[in-house]
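Content type PDB, C-alpha atoms, from the file data.pdb:
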```pdb
ATOM      1  CA  MET A   1     -82.491 292.457  83.043
ATOM      2  CA  LEU A   2     -86.128 291.499  82.755
ATOM      3  CA  LEU A   3     -87.139 289.763  79.571
ATOM      4  CA  VAL A   4     -90.918 289.888  79.599
ATOM      5  CA  GLU A   5     -92.255 290.771  76.206
ATOM      6  CA  LYS A   6     -95.614 292.465  75.860
ATOM      7  CA  TRP A   7     -96.976 289.574  73.796
ATOM      8  CA  ARG A   8     -96.494 287.210  76.747
ATOM      9  CA  ILE A   9     -98.783 289.323  78.881
ATOM     10  CA  GLN A  10    -101.245 289.562  76.003
ATOM     11  CA  GLU A  11    -101.237 285.764  75.821
ATOM     12  CA  LEU A  12    -101.849 285.638  79.582
ATOM     13  CA  ALA A  13    -104.784 288.037  79.227
ATOM     14  CA  LEU A  14    -106.279 285.926  76.430
ATOM     15  CA  LEU A  15    -105.980 282.729  78.470
ATOM     16  CA  LEU A  16    -107.624 284.395  81.452
ATOM     17  CA  LYS A  17    -110.487 285.567  79.238
ATOM     18  CA  GLN A  18    -110.799 282.073  77.750
ATOM     19  CA  LEU A  19    -111.024 280.583  81.249
ATOM     20  CA  HIS A  20    -113.728 283.109  82.092
ATOM     21  CA  VAL A  21    -115.761 282.054  79.042
ATOM     22  CA  LEU A  22    -115.329 278.338  79.744
ATOM     23  CA  LEU A  23    -116.317 278.772  83.386
ATOM     24  CA  MET A  24    -119.434 280.708  82.381
ATOM     25  CA  LYS A  25    -120.394 277.944  79.932
ATOM     26  CA  GLY A  26    -119.872 275.436  82.746
ATOM     27  CA  ASN A  27    -122.197 277.351  85.112
ATOM     28  CA  ASN A  28    -119.402 278.389  87.486
ATOM     29  CA  GLY A  29    -120.076 282.107  87.687
ATOM     30  CA  GLU A  30    -118.098 282.703  90.876
ATOM     31  CA  TRP A  31    -114.867 281.302  89.460
ATOM     32  CA  ALA A  32    -115.631 282.970  86.120
ATOM     33  CA  ASN A  33    -115.737 286.340  87.867
ATOM     34  CA  VAL A  34    -112.397 285.645  89.571
ATOM     35  CA  PHE A  35    -110.740 285.018  86.210
ATOM     36  CA  LEU A  36    -112.494 287.983  84.624
ATOM     37  CA  HIS A  37    -110.982 290.127  87.374
ATOM     38  CA  PHE A  38    -107.537 288.641  86.647
ATOM     39  CA  HIS A  39    -108.087 289.356  82.942
ATOM     40  CA  GLN A  40    -108.929 292.979  83.728
ATOM     41  CA  GLU A  41    -105.763 293.278  85.825
ATOM     42  CA  ALA A  42    -103.665 291.899  82.971
ATOM     43  CA  VAL A  43    -105.242 294.371  80.536
ATOM     44  CA  GLU A  44    -104.553 297.193  82.984
ATOM     45  CA  ILE A  45    -100.898 296.126  83.243
ATOM     46  CA  LEU A  46    -100.694 296.217  79.433
ATOM     47  CA  SER A  47    -102.362 299.607  79.121
ATOM     48  CA  GLY A  48     -99.319 301.680  80.004
ATOM     49  CA  ASP A  49     -96.231 302.281  77.906
ATOM     50  CA  GLU A  50     -94.201 300.414  80.505
ATOM     51  CA  PHE A  51     -95.844 297.836  82.689
ATOM     52  CA  SER A  52     -95.248 297.388  86.379
ATOM     53  CA  VAL A  53     -93.241 294.261  87.093
ATOM     54  CA  GLU A  54     -94.482 294.296  90.685
ATOM     55  CA  ALA A  55     -98.111 294.368  89.540
ATOM     56  CA  LEU A  56     -97.353 291.506  87.166
ATOM     57  CA  ARG A  57     -95.717 289.483  89.949
ATOM     58  CA  ARG A  58     -98.722 290.059  92.237
ATOM     59  CA  LEU A  59    -101.098 288.984  89.479
ATOM     60  CA  ILE A  60     -99.106 285.809  88.837
ATOM     61  CA  HIS A  61     -99.004 285.055  92.560
ATOM     62  CA  ASN A  62    -102.775 285.501  92.893
ATOM     63  CA  ILE A  63    -103.525 283.294  89.886
ATOM     64  CA  VAL A  64    -101.172 280.546  91.074
ATOM     65  CA  ASN A  65    -102.915 280.602  94.461
ATOM     66  CA  CYS A  66    -106.104 279.435  92.705
ATOM     67  CA  PHE A  67    -104.282 276.228  91.844
ATOM     68  CA  ASP A  68    -103.458 275.541  95.487
ATOM     69  CA  GLU A  69    -104.751 272.142  96.581
ATOM     70  CA  TYR A  70    -106.976 273.825  99.170
ATOM     71  CA  HIS A  71    -109.065 275.648  96.568
ATOM     72  CA  SER A  72    -111.994 274.042  94.808
ATOM     73  CA  PHE A  73    -110.649 275.324  91.482
ATOM     74  CA  THR A  74    -107.971 272.620  91.409
ATOM     75  CA  ASN A  75    -110.521 269.792  91.188
ATOM     76  CA  LEU A  76    -113.279 271.713  89.453
ATOM     77  CA  SER A  77    -115.233 269.896  86.777
ATOM     78  CA  LEU A  78    -117.511 271.830  84.462
ATOM     79  CA  GLY A  79    -120.874 270.138  84.640
ATOM     80  CA  ARG A  80    -123.327 270.190  81.789
ATOM     81  CA  GLU A  81    -126.492 268.204  81.217
ATOM     82  CA  ASP A  82    -125.363 267.172  77.729
ATOM     83  CA  SER A  83    -122.546 264.713  78.433
ATOM     84  CA  ASP A  84    -120.830 265.189  75.043
ATOM     85  CA  LEU A  85    -120.776 268.949  75.468
ATOM     86  CA  GLY A  86    -119.698 268.553  79.096
ATOM     87  CA  SER A  87    -116.732 266.339  78.273
ATOM     88  CA  GLU A  88    -115.627 268.667  75.460
ATOM     89  CA  LEU A  89    -115.966 271.622  77.816
ATOM     90  CA  ASN A  90    -113.912 269.852  80.484
ATOM     91  CA  ARG A  91    -111.250 268.910  77.948
ATOM     92  CA  ASP A  92    -110.949 272.531  76.806
ATOM     93  CA  PHE A  93    -110.987 273.688  80.427
ATOM     94  CA  ASN A  94    -108.172 271.337  81.443
ATOM     95  CA  GLN A  95    -106.075 272.208  78.383
ATOM     96  CA  THR A  96    -106.509 275.904  79.101
ATOM     97  CA  LYS A  97    -105.467 275.436  82.740
ATOM     98  CA  VAL A  98    -102.334 273.547  81.678
ATOM     99  CA  ARG A  99    -101.466 276.254  79.129
ATOM    100  CA  LEU A 100    -102.099 278.976  81.709
ATOM    101  CA  LEU A 101     -99.742 277.343  84.208
ATOM    102  CA  ALA A 102     -97.050 277.066  81.526
ATOM    103  CA  VAL A 103     -97.410 280.740  80.597
ATOM    104  CA  LEU A 104     -97.352 281.767  84.261
ATOM    105  CA  SER A 105     -94.202 279.744  84.832
ATOM    106  CA  GLU A 106     -92.520 281.294  81.799
ATOM    107  CA  ILE A 107     -93.423 284.850  82.791
ATOM    108  CA  ASP A 108     -92.434 284.226  86.404
ATOM    109  CA  SER A 109     -89.012 282.959  85.343
ATOM    110  CA  ARG A 110     -88.535 286.114  83.274
ATOM    111  CA  THR A 111     -89.485 288.446  86.135
ATOM    112  CA  THR A 112     -87.071 286.859  88.583
ATOM    113  CA  ILE A 113     -83.756 288.622  89.021
ATOM    114  CA  TYR A 114     -80.937 286.298  89.914
ATOM    115  CA  THR A 115     -77.906 287.626  91.734
ATOM    116  CA  HIS A 116     -74.591 285.868  92.051
TER     117      HIS A 116
END
```

So that I can check it, write out the structure of this file as structure tokens.
Amino acid sequence: MLLVEKWRIQELALLLKQLHVLLMKGNNGEWANVFLHFHQEAVEILSGDEFSVEALRRLIHNIVNCFDEYHSFTNLSLGREDSDLGSELNRDFNQTKVRLLAVLSEIDSRTTIYTH
């Protein structure tokens, strides 16, 4: 039995949108567009009465791939000319990434069917 509540996917969508906003503020439009696309996919998954678990699994897989050590996203720092604003932006960015990974892990564990 799958135990993914709708609110978990709503939280995922909100985190993806937040990452998009932070990346735009940090002048990283390419990565911002990637996370906007992920946000749109999450919203699309939520739009139906019943969401597709396969679509959700694909979305999670694609997001997790961004955190692969071979992608620049893993070591990305949001640069700003104002150092105080830049460090606050980076702090928020890193906290959002950590929260996103936790939510992805939780959803992934709930979409996995274990057989004995």

Can you spell out as an mmCIF file with C-alpha atoms, in the frame of the given file the set of residues that the PyMOL selection byres ((chain A and resi 102-110) around 6) selects in the structure I just provided?
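And here's selection32.cif as it stands now:
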```cif
data_model
loop_
_atom_site.group_PDB
_atom_site.id
_atom_site.type_symbol
_atom_site.label_atom_id
_atom_site.label_comp_id
_atom_site.auth_asym_id
_atom_site.auth_seq_id
_atom_site.Cartn_x
_atom_site.Cartn_y
_atom_site.Cartn_z
ATOM 1 C CA LEU A 2 -86.128 291.499 82.755
ATOM 2 C CA LEU A 3 -87.139 289.763 79.571
ATOM 3 C CA VAL A 4 -90.918 289.888 79.599
ATOM 4 C CA ARG A 99 -101.466 276.254 79.129
ATOM 5 C CA LEU A 100 -102.099 278.976 81.709
ATOM 6 C CA LEU A 101 -99.742 277.343 84.208
ATOM 7 C CA THR A 111 -89.485 288.446 86.135
ATOM 8 C CA THR A 112 -87.071 286.859 88.583
#
```

| request: Find, counting all atoms listed in the file, the residue in A:Glu44, A:Asp49, A:Phe73, A:Ile63 that gets nearest to Leu16 in chain A. | output: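 Using all atoms listed in the file, Leu16 in chain A sits closest to A:Ile63.
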
| message | My list of candidates is A:Leu46, A:Val98, A:Leu19, A:Lys6. Which is closest to Trp31 in chain A when distances are computed with all atoms listed in the file? | response | A:Leu19

| task | Give as a PyMOL selection string the residues that the PyMOL selection byres ((chain A and resi 89) around 9) matches when applied to the coordinates above. | result | chain A and resi 22+25-26+78-80+84-88+90-94

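Compared by their closest atoms to Leu23 in chain A, and using all atoms listed in the file, the residues A:Lys97, A:His71, A:Arg8, A:His61 rank with A:Lys97 nearest.
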
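Rounded to one decimal, CA of Glu50 in chain A and CA of Thr96 in chain A lie 27.5 Å from each other.
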
| request: Report the distance between CA of Cys66 in chain A and CA of Ser52 in chain A in Å, rounded to one decimal place. | output: 21.9 Å

| said: From the options A:Glu30, A:Gln18, A:Ile9, A:Gln95, which residue's atoms come nearest to Phe51 in chain A, counting all atoms listed in the file? | reply: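 Smallest separation from Phe51 in chain A among the options: A:Ile9.
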
| Sel. within 7 Å of pt (-114.1, 285.7, 84.3), counting all atoms listed in the file, output as a ChimeraX atom specification | /A:17,19-21,31-37

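The coordinates place CA of Ile60 in chain A at 9.7 Å from CA of Leu12 in chain A.
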